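Worksheet: one structure, shown below.
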Amino acid sequence: MSHDVPSFQGELMRPGDEGYPASRRIWNGAIDRHPALVARCLDEQDASAALKYALSRKLPLSVRGGGHNVSGSALAEGGVVIDFSALRGVIVDPDSMSVRVQPGALWGEVDDATQKHGLAVPGGIVTHTGVAGLTLGGGFGWLSRRWGLTSDNLLSVRMLLADGSRVQASEQENPDLFWAVRGGGGNFGIVTEFRFQTHRLGTHVLAGPILFRADQAREVLAFYREFIAGAPDELSVYLTLRTAPPLDWVPEHLRGTEVLLVIPFFVGDPREGEDLLRPLRGFGPPAADLVRHKPYMEHQAMFDAGVPHHWGYYWKSHYLPPLTHDAVEVLLERSWAKGSPASYTLLFHLGGAIASRPEDSSAASGRDAAHAMNINAAWPAGGPSHPDIGWCRQYFAAMEPHATGGVYVNFLHNDEGEARIRAAYGSRYDRLSQIKAMYDPDNVFQSNQNIKPSPAEQT
Ligand SMILES: Cc1cc2nc3c(=O)[nH]c(=O)nc-3n(C[C@H](O)[C@H](O)[C@H](O)COP(=O)(O)OP(=O)(O)OC[C@H]3O[C@@H](n4cnc5c(N)ncnc54)[C@H](O)[C@@H]3O)c2cc1C
């Protein structure tokens, strides 16, 4: 292929090219950006060539992992996209219990490779989410109360820096950079390989949703608050407040009705889990109890179909302390007052191993929170606007007095402003901006929740 990106071996797509329309589509169908060039890399050398090209033309730059960030940061308007969607290798080393992951891999691919050995890395709760963006923002999922944030399980990264150099970062090598990339997002360079430690999960877990009718929610949530207060790290219990979707696993008589899903997930001896969950499963009684001992991978994929590619999405998010009575009242008042049946509220259950590391052990946030709350406006038709965006914003404001003031950087949208980015990092922001000044002083990597470079003051 003849082109003007020296030594690039992969595929280059520009407006007018056959592959271009598909190459600028990402998970969020509300984002409509037109990059000047999508550079689908075949290796690290390609990423380096595309980076040099963008710098030489002074073009904006973005990096695409799984393409799931709701803000659309994977696509630089009018710029160069370093697209890793063709680089999806996952190599497990069972002897060292570690796994090497290429930057375009999705969580389902990591689960698939690690589960062949009964191993797992704490990843996200939807299999089609990218490993790269999730890990760099911190990352949490079903296994995090047991084994920490995704980024807590990172052993090392290979990176391409703004000046073109290639480095490794780990606790031993470039430790400041390693501290920053575990939570600081794509601000510091391009990660070309992740290496994680894995854990012996086995292949099965005790998990699944318990469905309650919305009119049971006040009592159930009061019970839930007490129930999780004493939960061991082996147990996570997430909440979803939504319209029951028309998915296979939802009992037919409940589809289209307003429900509260209480979703326990237990790692360990299933008999212990059964004992632990008995009061929760007996409460109500529930409209349906779908908790079972089942393959971990089946549970991981269970919620995929509820958030398909190319629908329109708009999110707002808070970290929450343990739920109070007043916070529950906001959930009850707002969750079902939406227009689109696809819109929903999700509460991740944090704490456990996430909270057991010191607040400043990495750049990642959320160690002081009991929950991450995601208010998700979703509309199947796609396109940029929907009335539920207003629902989402008002709901977010109503919840603000009951939130910690912090936010998970990976759940920020593109309209939130610098104060919210600072809120995501709290006291870690100043150190991050000093590290940014060392590794990316010209802010080449700014298609992200941007940390401004600010050199440390000389004393
Ligand atoms: C359906 C869905 C479910 C989700 N579930 C969870 C969950 O369970 N837990 C959780 O923690 N988060 C979750 N998230 C949020 C998720 O962590 C972010 O959307 C994350 O950014 C996705 O990563 P990605 O690689 O797919 O994103 P992309 O959009 O490809 O990338 C996002 C940003 O990450 C940076 N980046 C990506 N790749 C690289 C790289 N190789 N080098 C340097 N920077 C890079 C860039 O700044 C890029 O703009 C979910 C998101 C969605 C849409």
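Chain lettering (A, B, ...) mirrors the order of the structure tokens, residue numbering begins at 1 for each chain separately, and ligand numbering begins at 1 in order of display.
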
Show which residues sit within 12 Å of Ala36 in chain A, as a PDB file with C-alpha atoms, in the first residue's frame. Count only C-alpha atoms, and ignore same-chain residues fewer than 4 positions away.
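This went into result39.pdb:
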```pdb
ATOM      1  CA  LEU A  12      -4.811   3.298   7.171  1.00  0.00           C
ATOM      2  CA  MET A  13      -8.298   4.698   6.756  1.00  0.00           C
ATOM      3  CA  ARG A  14      -9.220   8.212   5.745  1.00  0.00           C
ATOM      4  CA  PRO A  15     -12.558   9.886   4.898  1.00  0.00           C
ATOM      5  CA  GLY A  16     -13.722   8.401   1.593  1.00  0.00           C
ATOM      6  CA  ASP A  17     -12.006   5.031   2.134  1.00  0.00           C
ATOM      7  CA  TYR A  20     -13.498   4.500   7.175  1.00  0.00           C
ATOM      8  CA  PRO A  21     -17.182   4.634   8.291  1.00  0.00           C
ATOM      9  CA  SER A  23     -13.420   2.548  11.716  1.00  0.00           C
ATOM     10  CA  ARG A  24     -14.916   5.646  13.352  1.00  0.00           C
ATOM     11  CA  TYR A  53       3.191  11.134  11.816  1.00  0.00           C
ATOM     12  CA  ALA A  54       0.694  12.920  14.100  1.00  0.00           C
ATOM     13  CA  ARG A  57       1.760  17.210  11.183  1.00  0.00           C
ATOM     14  CA  LEU A  59      -2.455  16.736  14.403  1.00  0.00           C
ATOM     15  CA  PRO A  60      -4.508  15.833  17.461  1.00  0.00           C
ATOM     16  CA  LEU A  61      -4.024  12.248  18.571  1.00  0.00           C
ATOM     17  CA  SER A  62      -6.132   9.612  20.271  1.00  0.00           C
ATOM     18  CA  LEU A  75     -11.650   9.267  18.512  1.00  0.00           C
ATOM     19  CA  ALA A  76      -9.779  12.557  17.985  1.00  0.00           C
ATOM     20  CA  GLU A  77     -11.886  14.886  15.845  1.00  0.00           C
ATOM     21  CA  GLY A  78      -9.800  15.775  12.771  1.00  0.00           C
ATOM     22  CA  GLY A  79      -6.850  13.867  14.193  1.00  0.00           C
ATOM     23  CA  VAL A  80      -4.990  10.579  14.098  1.00  0.00           C
ATOM     24  CA  VAL A  81      -6.451   7.542  15.871  1.00  0.00           C
ATOM     25  CA  ILE A  82      -3.922   4.941  16.971  1.00  0.00           C
TER      26      ILE A  82
END
```

### Task
Collect all residues with atoms no farther than 7 Å from ligand 1, counting only C-alpha atoms and all ligand atoms, and output them as a ChimeraX atom specification.
/A:27,62-70,72-74,103,123-126,129-141,185-187,189-192,307,410-411,447-448

## Note on the structure
CA of Glu258 in chain A to CA of Gly284 in chain A measures 15.9 Å

### Task
For range 359-367 of chain A, list every protein, DNA or RNA residue within 7 Å, evaluated using only C-alpha atoms, and leave out those in the same chain fewer than 3 positions away; present the list as a VMD selection string.
chain A and resid 137 to 138 179 to 180 182 to 184 319 351 354 to 355 408 424 to 425 428

Can I get the selection written as a PDB file, in the first residue's frame, with C-alpha atoms?
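part_17.pdb written:
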```pdb
ATOM      1  CA  GLY A 137      -8.556   4.273  34.673  1.00  0.00           C
ATOM      2  CA  GLY A 138      -8.336   1.904  37.675  1.00  0.00           C
ATOM      3  CA  TRP A 179       2.120   4.707  39.851  1.00  0.00           C
ATOM      4  CA  ALA A 180       0.552   7.175  37.409  1.00  0.00           C
ATOM      5  CA  ARG A 182      -2.567   2.724  37.393  1.00  0.00           C
ATOM      6  CA  GLY A 183      -5.533   5.098  37.431  1.00  0.00           C
ATOM      7  CA  GLY A 184      -4.224   8.133  35.557  1.00  0.00           C
ATOM      8  CA  TYR A 319     -18.867   7.466  44.296  1.00  0.00           C
ATOM      9  CA  GLY A 351     -14.679  -1.927  49.526  1.00  0.00           C
ATOM     10  CA  ILE A 354      -9.991  -2.327  47.024  1.00  0.00           C
ATOM     11  CA  ALA A 355     -10.098  -0.497  50.350  1.00  0.00           C
ATOM     12  CA  TYR A 408     -14.496   7.168  38.797  1.00  0.00           C
ATOM     13  CA  ALA A 424     -11.645  12.080  40.307  1.00  0.00           C
ATOM     14  CA  TYR A 425      -8.053  12.290  41.566  1.00  0.00           C
ATOM     15  CA  ARG A 428      -3.321  12.672  43.905  1.00  0.00           C
TER      16      ARG A 428
END
```

### Message
If we count only C-alpha atoms and set the cut-off at 12 Å, which residues sit around Glu252 in chain A, ignoring sequence neighbours fewer than 6 positions away in its own chain? Please answer as a list in words.
### Response
Ala244, Pro245, Pro246, Ala287 and Ala288 of chain A

Name all residues at most 10 Å from range 88-99 of chain A (count only C-alpha atoms; drop same-chain ones fewer than 3 positions away) and give them as a short mmCIF file (atom, residue, chain, number, x, y, z; two decimals) with C-alpha atoms, in the first residue's frame.
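Printed below is part.cif as written:
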```cif
data_model
loop_
_atom_site.label_atom_id
_atom_site.label_comp_id
_atom_site.auth_asym_id
_atom_site.auth_seq_id
_atom_site.Cartn_x
_atom_site.Cartn_y
_atom_site.Cartn_z
CA LEU A 42 -0.25 -4.43 13.62
CA GLY A 65 -8.40 0.21 22.92
CA GLY A 66 -11.82 -1.43 23.09
CA PHE A 84 -5.36 -1.20 18.48
CA SER A 85 -8.43 -3.21 17.49
CA GLN A 102 -2.12 -6.71 23.88
CA PRO A 103 -3.71 -3.25 23.92
CA GLY A 104 -6.77 -4.00 21.77
CA ALA A 105 -7.95 -7.04 23.75
CA LEU A 106 -11.41 -7.14 25.32
CA GLU A 109 -10.75 -12.54 25.51
CA VAL A 110 -8.76 -12.32 28.75
CA ASP A 111 -11.41 -14.38 30.58
CA ASP A 112 -11.37 -16.95 27.81
CA ALA A 113 -7.59 -17.42 27.94
CA THR A 114 -7.18 -17.33 31.74
CA GLN A 115 -10.19 -19.54 32.50
CA LYS A 116 -8.64 -22.37 30.48
CA HIS A 117 -6.28 -22.60 33.47
CA GLY A 118 -8.92 -21.83 36.12
CA LEU A 119 -7.34 -18.40 36.55
CA ALA A 120 -8.82 -14.90 36.43
CA VAL A 121 -7.92 -11.20 36.58
CA GLY A 130 -11.54 -2.96 26.39
CA VAL A 131 -8.78 -4.03 28.77
CA ASN A 153 -3.17 -6.54 39.58
CA LEU A 154 -0.95 -4.98 36.97
CA LEU A 155 2.66 -6.19 37.13
CA GLU A 193 1.43 -4.42 26.44
CA PHE A 194 -0.07 -5.09 29.86
CA ARG A 195 1.13 -7.83 32.19
CA PHE A 196 -1.20 -8.86 35.01
CA GLN A 197 -1.01 -11.26 37.90
CA THR A 198 -3.84 -13.79 37.90
CA HIS A 199 -5.69 -15.58 40.69
CA ARG A 200 -6.96 -19.12 41.20
#
```

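Of the listed residues A:Asn374, A:Thr240, A:Thr203, A:Asn174, the one whose atoms come nearest to His293 in chain A is A:Thr203, with distances taken using only C-alpha atoms.
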
### Task
Could you please write out, as a VMD selection string, every residue of range 3-127 of chain A that DSSP assigns to strand (DSSP E)?
chain A and resid 11 to 13 37 to 40 61 to 64 80 to 83 90 to 93 98 to 101 119 to 120

### Query
Nearest to Asp368 in chain A among A:Gln394, A:Ser433, A:Ser151, A:Thr404, with distances taken over only C-alpha atoms: which residue is it?
A:Thr404

### Query
For Phe283 in chain A, which of A:Leu332, A:Leu347, A:Ala419, A:Leu221 is the closest residue, counting only C-alpha atoms?
A:Leu221

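CA of Asp233 in chain A is positioned 6.7 Å from CA of Ala353 in chain A.
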
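Residue nearest Gly312 in chain A within the list A:Val330, A:Ile31, A:Ala214, A:Met373: A:Ile31 [criterion: smallest interatomic distance, only C-alpha atoms].
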
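Among the candidate residues A:Val262, A:Ala437, A:Leu350, A:Leu201, the one lying nearest to Ala229 in chain A is A:Leu350, with distances computed using only C-alpha atoms.
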
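Distance check against Ala305 in chain A using only C-alpha atoms: of A:Gly282, A:Pro380, A:Pro264, A:Gly390, the minimum falls on A:Pro380.
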
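As for CA of Tyr313 in chain A and CA of Gly405 in chain A, they are spaced 23.0 Å apart.
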
### Task
Show which residues sit within 12 Å of Val328 in chain A, as a PyMOL selection string. Count only C-alpha atoms, and ignore same-chain residues fewer than 2 positions away.
chain A and resi 217-225+239+241+320-326+330-335+347+398-399+402-403

### Message
Just want the 10 Å neighbourhood of Ser7 in chain A, counted on only C-alpha atoms, with same-chain residues fewer than 4 positions away dropped. Output as a ChimeraX atom specification.
### Response
/A:3,45-46,48-50

DSSP-assigned alpha helix (DSSP H) among range 265-418 of chain A, expressed as an mmCIF file with C-alpha atoms, in the first residue's frame:
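Saved as result.cif:
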```cif
data_model
loop_
_atom_site.group_PDB
_atom_site.id
_atom_site.type_symbol
_atom_site.label_atom_id
_atom_site.label_comp_id
_atom_site.auth_asym_id
_atom_site.auth_seq_id
_atom_site.Cartn_x
_atom_site.Cartn_y
_atom_site.Cartn_z
ATOM 1 C CA PRO A 270 -20.449 -22.616 47.217
ATOM 2 C CA ARG A 271 -21.899 -24.170 50.415
ATOM 3 C CA GLU A 272 -20.522 -21.256 52.407
ATOM 4 C CA GLY A 273 -21.962 -18.896 49.816
ATOM 5 C CA GLU A 274 -25.371 -20.593 49.970
ATOM 6 C CA ASP A 275 -25.435 -20.109 53.764
ATOM 7 C CA LEU A 276 -24.362 -16.515 53.472
ATOM 8 C CA LEU A 277 -26.945 -15.665 50.831
ATOM 9 C CA ARG A 278 -29.918 -17.456 52.426
ATOM 10 C CA PRO A 279 -31.339 -14.356 54.191
ATOM 11 C CA LEU A 280 -31.045 -12.243 51.055
ATOM 12 C CA ARG A 281 -32.646 -14.859 48.813
ATOM 13 C CA GLY A 282 -35.399 -15.472 51.335
ATOM 14 C CA TYR A 296 -17.728 -17.611 35.772
ATOM 15 C CA MET A 297 -17.665 -16.847 32.050
ATOM 16 C CA GLU A 298 -21.404 -17.289 31.811
ATOM 17 C CA HIS A 299 -21.922 -14.739 34.568
ATOM 18 C CA GLN A 300 -19.408 -12.376 32.981
ATOM 19 C CA ALA A 301 -21.390 -12.365 29.721
ATOM 20 C CA HIS A 325 -32.021 6.209 54.243
ATOM 21 C CA ASP A 326 -32.065 9.535 52.347
ATOM 22 C CA ALA A 327 -29.881 8.206 49.531
ATOM 23 C CA VAL A 328 -32.256 5.257 49.129
ATOM 24 C CA GLU A 329 -35.171 7.708 48.880
ATOM 25 C CA VAL A 330 -33.448 9.393 45.906
ATOM 26 C CA LEU A 331 -32.934 6.010 44.230
ATOM 27 C CA LEU A 332 -36.604 5.176 44.707
ATOM 28 C CA GLU A 333 -37.862 8.545 43.499
ATOM 29 C CA ARG A 334 -35.650 8.815 40.402
ATOM 30 C CA ASP A 388 -33.284 10.826 29.330
ATOM 31 C CA ILE A 389 -30.100 12.934 29.239
ATOM 32 C CA GLY A 390 -32.116 15.476 31.261
ATOM 33 C CA TRP A 391 -33.324 12.687 33.586
ATOM 34 C CA CYS A 392 -29.732 11.594 34.086
ATOM 35 C CA ARG A 393 -28.463 15.102 34.922
ATOM 36 C CA GLN A 394 -31.288 15.864 37.353
ATOM 37 C CA TYR A 395 -30.946 12.498 39.053
ATOM 38 C CA PHE A 396 -27.200 13.060 39.371
ATOM 39 C CA ALA A 397 -27.816 16.472 41.013
ATOM 40 C CA ALA A 398 -30.379 14.978 43.421
ATOM 41 C CA MET A 399 -27.838 12.336 44.486
ATOM 42 C CA GLU A 418 -11.689 20.226 34.888
#
```
